[in-house]
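Written out below as structure tokens is the structure these notes cover.
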Amino acid sequence: MSHELRTALKCLIIEACDKDCPPESIGDDDLLFGPEAPLQLDSLDALQISMAIKKTYGLRLPDSKETRRILSSVANLADHLAAWQAGRG
């Protein structure tokens, strides 16, 4: 998985959720949501991230359990996005 994609996604998350932290402070496998997550993102943040992903990459994330799994970490999001992009080509 490309390091560049993961870094780009971290920047996108920070910008979409208006967080003040460097991208490298987010681990690829860190939980993004919930009280034990470093960023402690919530459902509004999930919506902001989904909209930013759609705008930046063209990938629409429906509101579902699968989307919650995809958005659970940067690694999961990067894997899903890369697989989606590969399937389009």
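Convention: chains lettered A, B, ... in structure tokens order; per-chain residue numbering from 1; ligands numbered from 1 as shown.
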Just want the 9 Å neighbourhood of Phe33 (chain A), counted on only C-alpha atoms, with same-chain residues fewer than 5 positions away dropped. Output as a list in words.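 Near Phe33 (chain A), the qualifying residues are Pro38, Leu39, Gln40, Leu41, Asp42, Ser43, Asp45, Ala46, Leu71, Ser72 and Ser73 of chain A.
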Store the residues of this selection in a file with C-alpha atoms, as a short mmCIF file (atom, residue, chain, number, x, y, z; two decimals), in the first residue's frame.
```cif
data_model
loop_
_atom_site.label_atom_id
_atom_site.label_comp_id
_atom_site.auth_asym_id
_atom_site.auth_seq_id
_atom_site.Cartn_x
_atom_site.Cartn_y
_atom_site.Cartn_z
CA PRO A 38 -6.55 9.43 19.46
CA LEU A 39 -8.60 11.87 17.34
CA GLN A 40 -11.94 10.89 18.94
CA LEU A 41 -13.87 11.50 15.75
CA ASP A 42 -17.67 11.28 15.77
CA SER A 43 -20.47 10.62 13.27
CA ASP A 45 -16.66 13.75 11.28
CA ALA A 46 -17.48 10.52 9.42
CA LEU A 71 -13.47 4.43 8.04
CA SER A 72 -12.23 2.70 11.20
CA SER A 73 -8.57 3.38 10.33
#
```
What is the distance between CA of Gln48 (chain A) and CA of Ile14 (chain A), in Å to one decimal?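 The value is 10.4 Å.
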Could you give me, as a ChimeraX atom specification, the residues within 9 Å of Leu77 (chain A), counting only C-alpha atoms and dropping anything in the same chain fewer than 6 positions from it? /A:6,9,69-71
Just write the chosen residues, C-alpha atoms, as a CSV table (one decimal), in the first residue's frame.
```
chain,number,residue,atom,x,y,z
A,6,ARG,CA,-2.0,7.0,3.5
A,9,LEU,CA,-5.7,10.5,3.5
A,69,ARG,CA,-15.4,-0.6,8.9
A,70,ILE,CA,-13.7,1.2,6.0
A,71,LEU,CA,-13.5,4.4,8.0
```
As a short mmCIF file (atom, residue, chain, number, x, y, z; two decimals) with N, CA and C atoms, in the first residue's frame, which residues of region 8-64 of chain A does DSSP assign to helix (DSSP H, G or I)?
```
data_model
loop_
_atom_site.label_atom_id
_atom_site.label_comp_id
_atom_site.auth_asym_id
_atom_site.auth_seq_id
_atom_site.Cartn_x
_atom_site.Cartn_y
_atom_site.Cartn_z
N ALA A 8 -1.79 11.22 2.27
CA ALA A 8 -2.82 12.08 1.68
C ALA A 8 -4.15 11.93 2.42
N LEU A 9 -4.49 10.70 2.78
CA LEU A 9 -5.74 10.47 3.51
C LEU A 9 -5.69 11.07 4.90
N LYS A 10 -4.53 10.99 5.57
CA LYS A 10 -4.39 11.60 6.89
C LYS A 10 -4.60 13.11 6.80
N CYS A 11 -4.01 13.73 5.77
CA CYS A 11 -4.18 15.17 5.57
C CYS A 11 -5.65 15.50 5.29
N LEU A 12 -6.30 14.68 4.48
CA LEU A 12 -7.70 14.88 4.16
C LEU A 12 -8.56 14.80 5.43
N ILE A 13 -8.30 13.81 6.27
CA ILE A 13 -9.05 13.64 7.53
C ILE A 13 -8.85 14.84 8.44
N ILE A 14 -7.61 15.27 8.59
CA ILE A 14 -7.30 16.42 9.45
C ILE A 14 -8.02 17.67 8.95
N GLU A 15 -7.99 17.88 7.64
CA GLU A 15 -8.65 19.06 7.07
C GLU A 15 -10.17 18.95 7.17
N ALA A 16 -10.72 17.79 6.82
CA ALA A 16 -12.18 17.62 6.82
C ALA A 16 -12.76 17.77 8.23
N PRO A 23 -0.02 15.11 10.26
CA PRO A 23 -0.45 13.82 9.71
C PRO A 23 0.31 12.64 10.31
N GLU A 24 1.62 12.85 10.57
CA GLU A 24 2.42 11.73 11.08
C GLU A 24 2.04 11.33 12.51
N SER A 25 1.20 12.14 13.16
CA SER A 25 0.77 11.77 14.51
C SER A 25 -0.35 10.73 14.48
N SER A 43 -19.71 10.90 14.49
CA SER A 43 -20.47 10.62 13.27
C SER A 43 -20.48 11.82 12.31
N LEU A 44 -20.46 13.03 12.84
CA LEU A 44 -20.38 14.21 11.96
C LEU A 44 -19.04 14.23 11.22
N ASP A 45 -17.97 13.85 11.93
CA ASP A 45 -16.66 13.75 11.28
C ASP A 45 -16.68 12.70 10.17
N ALA A 46 -17.38 11.58 10.43
CA ALA A 46 -17.48 10.52 9.42
C ALA A 46 -18.14 11.06 8.15
N LEU A 47 -19.18 11.85 8.33
CA LEU A 47 -19.87 12.45 7.20
C LEU A 47 -18.93 13.41 6.45
N GLN A 48 -18.19 14.22 7.20
CA GLN A 48 -17.24 15.16 6.58
C GLN A 48 -16.17 14.40 5.78
N ILE A 49 -15.66 13.31 6.36
CA ILE A 49 -14.64 12.51 5.68
C ILE A 49 -15.22 11.89 4.42
N SER A 50 -16.44 11.33 4.53
CA SER A 50 -17.09 10.72 3.36
C SER A 50 -17.26 11.72 2.24
N MET A 51 -17.69 12.94 2.58
CA MET A 51 -17.87 13.98 1.56
C MET A 51 -16.53 14.37 0.94
N ALA A 52 -15.48 14.46 1.75
CA ALA A 52 -14.15 14.81 1.24
C ALA A 52 -13.60 13.72 0.33
N ILE A 53 -13.83 12.46 0.68
CA ILE A 53 -13.40 11.32 -0.16
C ILE A 53 -14.12 11.39 -1.51
N LYS A 54 -15.43 11.64 -1.47
CA LYS A 54 -16.21 11.73 -2.72
C LYS A 54 -15.69 12.87 -3.59
N LYS A 55 -15.45 14.03 -2.97
CA LYS A 55 -14.98 15.20 -3.72
C LYS A 55 -13.58 14.99 -4.29
N THR A 56 -12.68 14.39 -3.49
CA THR A 56 -11.28 14.24 -3.89
C THR A 56 -11.06 13.06 -4.82
N TYR A 57 -11.69 11.92 -4.51
CA TYR A 57 -11.40 10.68 -5.25
C TYR A 57 -12.57 10.17 -6.09
#
```
What does the distance between CA of Leu32 (chain A) and CA of Lys19 (chain A) come to in Å, to one decimal place?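 Spanning CA of Leu32 (chain A) to CA of Lys19 (chain A) is a straight-line distance of 12.1 Å.
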In Å, rounded to a single decimal, give me how far CA of Glu4 (chain A) is from CA of Ile26 (chain A). 13.9 Å
Please identify all polymer residues within 12 Å of Trp84 (chain A), counting only C-alpha atoms, omitting same-chain residues fewer than 5 positions from it, and present them as a ChimeraX atom specification. /A:57-61,70,77-79,89
